[in-house]
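Shown below: structure_17.pdb, with PDB, C-alpha atoms.
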```pdb
ATOM      1  CA  MET D   1      44.025  11.230   5.749
ATOM      2  CA  GLU D   2      42.194  10.605   2.462
ATOM      3  CA  GLY D   3      44.396   8.684   0.076
ATOM      4  CA  SER D   4      46.327   7.073   2.909
ATOM      5  CA  ARG D   5      46.337   3.335   3.487
ATOM      6  CA  ALA D   6      44.471   3.737   6.809
ATOM      7  CA  PHE D   7      41.726   5.724   5.087
ATOM      8  CA  ASP D   8      41.374   3.155   2.299
ATOM      9  CA  VAL D   9      41.015   0.265   4.733
ATOM     10  CA  SER D  10      38.666   2.196   7.056
ATOM     11  CA  TRP D  11      36.506   3.373   4.163
ATOM     12  CA  GLY D  12      36.364  -0.159   2.758
ATOM     13  CA  LEU D  13      35.215  -1.500   6.118
ATOM     14  CA  LEU D  14      32.550   1.201   6.462
ATOM     15  CA  THR D  15      31.114   0.838   2.961
ATOM     16  CA  GLY D  16      31.330  -2.941   3.198
ATOM     17  CA  ALA D  17      29.398  -2.852   6.473
ATOM     18  CA  LEU D  18      26.705  -0.657   4.908
ATOM     19  CA  CYS D  19      26.291  -3.097   2.027
ATOM     20  CA  LEU D  20      26.176  -6.046   4.422
ATOM     21  CA  ALA D  21      23.560  -4.260   6.545
ATOM     22  CA  LEU D  22      21.374  -4.023   3.445
ATOM     23  CA  ALA D  23      22.075  -7.503   2.088
ATOM     24  CA  VAL D  24      21.414  -9.582   5.201
ATOM     25  CA  PRO D  25      17.773  -8.559   5.824
ATOM     26  CA  ILE D  26      16.910  -8.519   2.105
ATOM     27  CA  LEU D  27      18.230 -12.056   1.681
ATOM     28  CA  TRP D  28      16.767 -13.208   5.024
ATOM     29  CA  TRP D  29      13.315 -12.058   3.932
ATOM     30  CA  TRP D  30      13.798 -13.909   0.643
ATOM     31  CA  LEU D  31      14.102 -17.278   2.416
ATOM     32  CA  PRO D  32      10.832 -19.251   2.248
ATOM     33  CA  GLU D  33      10.447 -19.589   6.039
ATOM     34  CA  HIS D  34      10.988 -15.833   6.556
ATOM     35  CA  ARG D  35       9.341 -14.603   3.348
ATOM     36  CA  ARG D  36       8.538 -10.907   3.194
ATOM     37  CA  SER D  37       8.091  -9.076  -0.053
ATOM     38  CA  PHE D  38      10.644  -6.268  -0.213
ATOM     39  CA  PHE D  39       9.357  -4.636  -3.406
ATOM     40  CA  GLY D  40       5.725  -5.758  -3.179
ATOM     41  CA  THR D  41       4.060  -8.652  -4.941
ATOM     42  CA  ALA D  42       2.776  -6.473  -7.805
ATOM     43  CA  ILE D  43       6.332  -5.444  -8.759
ATOM     44  CA  ASP D  44       8.201  -8.605  -7.814
ATOM     45  CA  PRO D  45       5.772 -11.557  -7.579
ATOM     46  CA  SER D  46       8.481 -14.249  -7.713
ATOM     47  CA  SER D  47      10.969 -12.373  -5.449
ATOM     48  CA  ARG D  48      13.684 -12.554  -8.115
ATOM     49  CA  LEU D  49      14.323  -8.819  -7.928
ATOM     50  CA  GLN D  50      14.683  -9.086  -4.154
ATOM     51  CA  LEU D  51      17.190 -11.932  -4.522
ATOM     52  CA  SER D  52      19.097  -9.980  -7.180
ATOM     53  CA  TYR D  53      19.401  -6.861  -5.047
ATOM     54  CA  GLY D  54      20.432  -8.909  -2.013
ATOM     55  CA  LEU D  55      23.153 -10.660  -3.997
ATOM     56  CA  PHE D  56      24.247  -7.361  -5.567
ATOM     57  CA  CYS D  57      24.624  -5.811  -2.103
ATOM     58  CA  MET D  58      26.706  -8.830  -1.030
ATOM     59  CA  ALA D  59      28.877  -8.483  -4.134
ATOM     60  CA  MET D  60      29.363  -4.773  -3.468
ATOM     61  CA  MET D  61      30.336  -5.596   0.121
ATOM     62  CA  GLY D  62      33.014  -8.009  -1.050
ATOM     63  CA  THR D  63      34.214  -5.643  -3.741
ATOM     64  CA  ASN D  64      34.481  -2.717  -1.344
ATOM     65  CA  LEU D  65      36.401  -4.745   1.213
ATOM     66  CA  GLY D  66      38.693  -6.279  -1.383
ATOM     67  CA  CYS D  67      39.256  -3.147  -3.415
ATOM     68  CA  ARG D  68      40.208  -1.064  -0.383
ATOM     69  CA  ALA D  69      42.160  -3.748   1.490
ATOM     70  CA  ILE D  70      44.277  -4.986  -1.439
ATOM     71  CA  PRO D  71      46.845  -2.420  -2.608
ATOM     72  CA  HIS D  72      46.534  -1.635  -6.309
ATOM     73  CA  ALA D  73      47.255   1.165  -8.731
ATOM     74  CA  ASP D  74      44.899   4.123  -8.934
ATOM     75  CA  LEU D  75      41.735   3.146 -10.785
ATOM     76  CA  GLY D  76      40.592   6.663 -11.630
ATOM     77  CA  ILE D  77      36.834   6.740 -11.745
ATOM     78  CA  VAL D  78      36.225   3.333 -10.131
ATOM     79  CA  HIS D  79      36.367   4.465  -6.490
ATOM     80  CA  PRO D  80      34.075   7.490  -7.027
ATOM     81  CA  ALA D  81      31.665   5.297  -9.022
ATOM     82  CA  PHE D  82      31.578   2.711  -6.214
ATOM     83  CA  PHE D  83      30.920   5.495  -3.741
ATOM     84  CA  LEU D  84      27.946   6.698  -5.794
ATOM     85  CA  ILE D  85      26.609   3.140  -6.089
ATOM     86  CA  ILE D  86      26.799   2.747  -2.296
ATOM     87  CA  VAL D  87      25.015   6.074  -1.798
ATOM     88  CA  ALA D  88      22.288   5.000  -4.243
ATOM     89  CA  LEU D  89      21.875   1.613  -2.534
ATOM     90  CA  VAL D  90      21.737   3.052   0.980
ATOM     91  CA  ALA D  91      19.416   5.920   0.000
ATOM     92  CA  GLY D  92      17.199   3.732  -2.166
ATOM     93  CA  LEU D  93      16.967   0.514  -0.171
ATOM     94  CA  GLY D  94      17.903   1.613   3.341
ATOM     95  CA  PRO D  95      14.606   3.278   4.294
ATOM     96  CA  ARG D  96      12.620   0.228   3.137
ATOM     97  CA  VAL D  97      14.873  -2.134   5.104
ATOM     98  CA  VAL D  98      14.405  -0.037   8.236
ATOM     99  CA  TRP D  99      10.629   0.206   7.724
ATOM    100  CA  LEU D 100      10.214  -3.537   7.193
ATOM    101  CA  ALA D 101      12.437  -4.297  10.179
ATOM    102  CA  LEU D 102      10.409  -2.004  12.455
ATOM    103  CA  HIS D 103       6.998  -3.167  11.202
ATOM    104  CA  PRO D 104       6.811  -6.956  11.494
ATOM    105  CA  PRO D 105       4.037  -8.659   9.546
ATOM    106  CA  ALA D 106       0.723  -9.108  11.319
ATOM    107  CA  GLN D 107       0.283 -12.556  12.734
ATOM    108  CA  VAL D 108      -2.703 -14.342  11.253
ATOM    109  CA  ARG D 109      -4.762 -15.962  13.975
ATOM    110  CA  PRO D 110      -6.324 -19.335  13.292
ATOM    111  CA  ALA D 111     -10.080 -19.131  12.676
ATOM    112  CA  HIS D 112     -10.981 -21.052  15.827
ATOM    113  CA  LEU D 113      -9.084 -18.499  17.990
ATOM    114  CA  SER D 114     -10.538 -15.348  16.453
ATOM    115  CA  ARG D 115     -14.025 -15.845  17.895
TER     116      ARG D 115
END
```
Take the structure from the file and write it as structure tokens.
Amino acid sequence: MEGSRAFDVSWGLLTGALCLALAVPILWWWLPEHRRSFFGTAIDPSSRLQLSYGLFCMAMMGTNLGCRAIPHADLGIVHPAFFLIIVALVAGLGPRVVWLALHPPAQVRPAHLSR
């Protein structure tokens, strides 16, 4: 099936979904009303790195969907390189996304209620 049109479209949808699954929480936690530091405040105090990775994951999602869905000539090393980028993103950022999603921040109680 690999190399067929059905495989290309299916693989594009799968890798695009993986990138979207990374991008949405990273960008959601970047918003001021939902702020959570993805990389820690010592590494990324202004959250620019978090925004960059979120946007990069969104770009990779669009590229994977477009590259696989639009017929084009063989691009040699491009498809294997994209695959390795997706593996690196999922392996590198995926565990942190899951951990942050499963461990919500502690709610700070107002001083008058903590007595």
Translate the PyMOL selection byres ((chain D and resi 50) around 9), as applied to the file shown, into an explicit residue set as a list in words.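 Selected by the PyMOL selection byres ((chain D and resi 50) around 9) here: Ile26, Leu27, Trp29, Trp30, Ser37, Phe38, Phe39, Asp44, Ser46, Ser47, Arg48, Leu49, Leu51, Ser52, Tyr53, Gly54 and Leu55 of chain D.
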Write out the residues from the selection above, keeping C-alpha atoms, as a PDB file, in the coordinates of the input.
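Below is the file selection-v2.pdb, written as the result:
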```pdb
ATOM      1  CA  ILE D  26      16.910  -8.519   2.105  1.00  0.00           C
ATOM      2  CA  LEU D  27      18.230 -12.056   1.681  1.00  0.00           C
ATOM      3  CA  TRP D  29      13.315 -12.058   3.932  1.00  0.00           C
ATOM      4  CA  TRP D  30      13.798 -13.909   0.643  1.00  0.00           C
ATOM      5  CA  SER D  37       8.091  -9.076  -0.053  1.00  0.00           C
ATOM      6  CA  PHE D  38      10.644  -6.268  -0.213  1.00  0.00           C
ATOM      7  CA  PHE D  39       9.357  -4.636  -3.406  1.00  0.00           C
ATOM      8  CA  ASP D  44       8.201  -8.605  -7.814  1.00  0.00           C
ATOM      9  CA  SER D  46       8.481 -14.249  -7.713  1.00  0.00           C
ATOM     10  CA  SER D  47      10.969 -12.373  -5.449  1.00  0.00           C
ATOM     11  CA  ARG D  48      13.684 -12.554  -8.115  1.00  0.00           C
ATOM     12  CA  LEU D  49      14.323  -8.819  -7.928  1.00  0.00           C
ATOM     13  CA  LEU D  51      17.190 -11.932  -4.522  1.00  0.00           C
ATOM     14  CA  SER D  52      19.097  -9.980  -7.180  1.00  0.00           C
ATOM     15  CA  TYR D  53      19.401  -6.861  -5.047  1.00  0.00           C
ATOM     16  CA  GLY D  54      20.432  -8.909  -2.013  1.00  0.00           C
ATOM     17  CA  LEU D  55      23.153 -10.660  -3.997  1.00  0.00           C
TER      18      LEU D  55
END
```
Name the residues that the PyMOL selection byres ((chain D and resi 15) around 8) pulls out of this structure, and write them as a JSON list (two decimals) with C-alpha atoms, keeping the file's coordinate frame.
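What ended up in selection-v6.json:
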```json
[["chain", "number", "residue", "atom", "x", "y", "z"],
["D", 11, "TRP", "CA", 36.51, 3.37, 4.16],
["D", 12, "GLY", "CA", 36.36, -0.16, 2.76],
["D", 13, "LEU", "CA", 35.22, -1.50, 6.12],
["D", 14, "LEU", "CA", 32.55, 1.20, 6.46],
["D", 16, "GLY", "CA", 31.33, -2.94, 3.20],
["D", 17, "ALA", "CA", 29.40, -2.85, 6.47],
["D", 18, "LEU", "CA", 26.70, -0.66, 4.91],
["D", 19, "CYS", "CA", 26.29, -3.10, 2.03],
["D", 61, "MET", "CA", 30.34, -5.60, 0.12],
["D", 64, "ASN", "CA", 34.48, -2.72, -1.34],
["D", 65, "LEU", "CA", 36.40, -4.74, 1.21],
["D", 86, "ILE", "CA", 26.80, 2.75, -2.30]]
```
Selected residue, from D:Ala23, D:Ile43, D:Val97, D:Ala6, that lies nearest to Ala69 in chain D when counting only C-alpha atoms: D:Ala6
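Taking all atoms listed in the file, the non-local environment of Val98 in chain D within 12 Å (same-chain residues fewer than 6 positions away omitted) comprises Ala21, Leu22, Pro25, Ile26, Phe38, Val90, Ala91, Gly92 and Pro104 of chain D.
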With all atoms listed in the file as the atoms that count, which of D:Gly94, D:Pro80, D:Pro105, D:Gly40 lies nearest to Cys57 in chain D?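 Nearest candidate to Cys57 in chain D out of D:Gly94, D:Pro80, D:Pro105, D:Gly40: D:Gly94.
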Between CA of Ala73 in chain D and CA of Asp8 in chain D, measure the distance and give it in Å to one decimal. 12.7 Å
Could you state the separation of CA of Leu20 in chain D and CA of Gln107 in chain D in Å, given to one decimal place?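 So the answer is 28.0 Å.
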CA of Gly62 in chain D to CA of Trp28 in chain D: how many Å, to one decimal?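 Spanning CA of Gly62 in chain D to CA of Trp28 in chain D is a straight-line distance of 18.1 Å.
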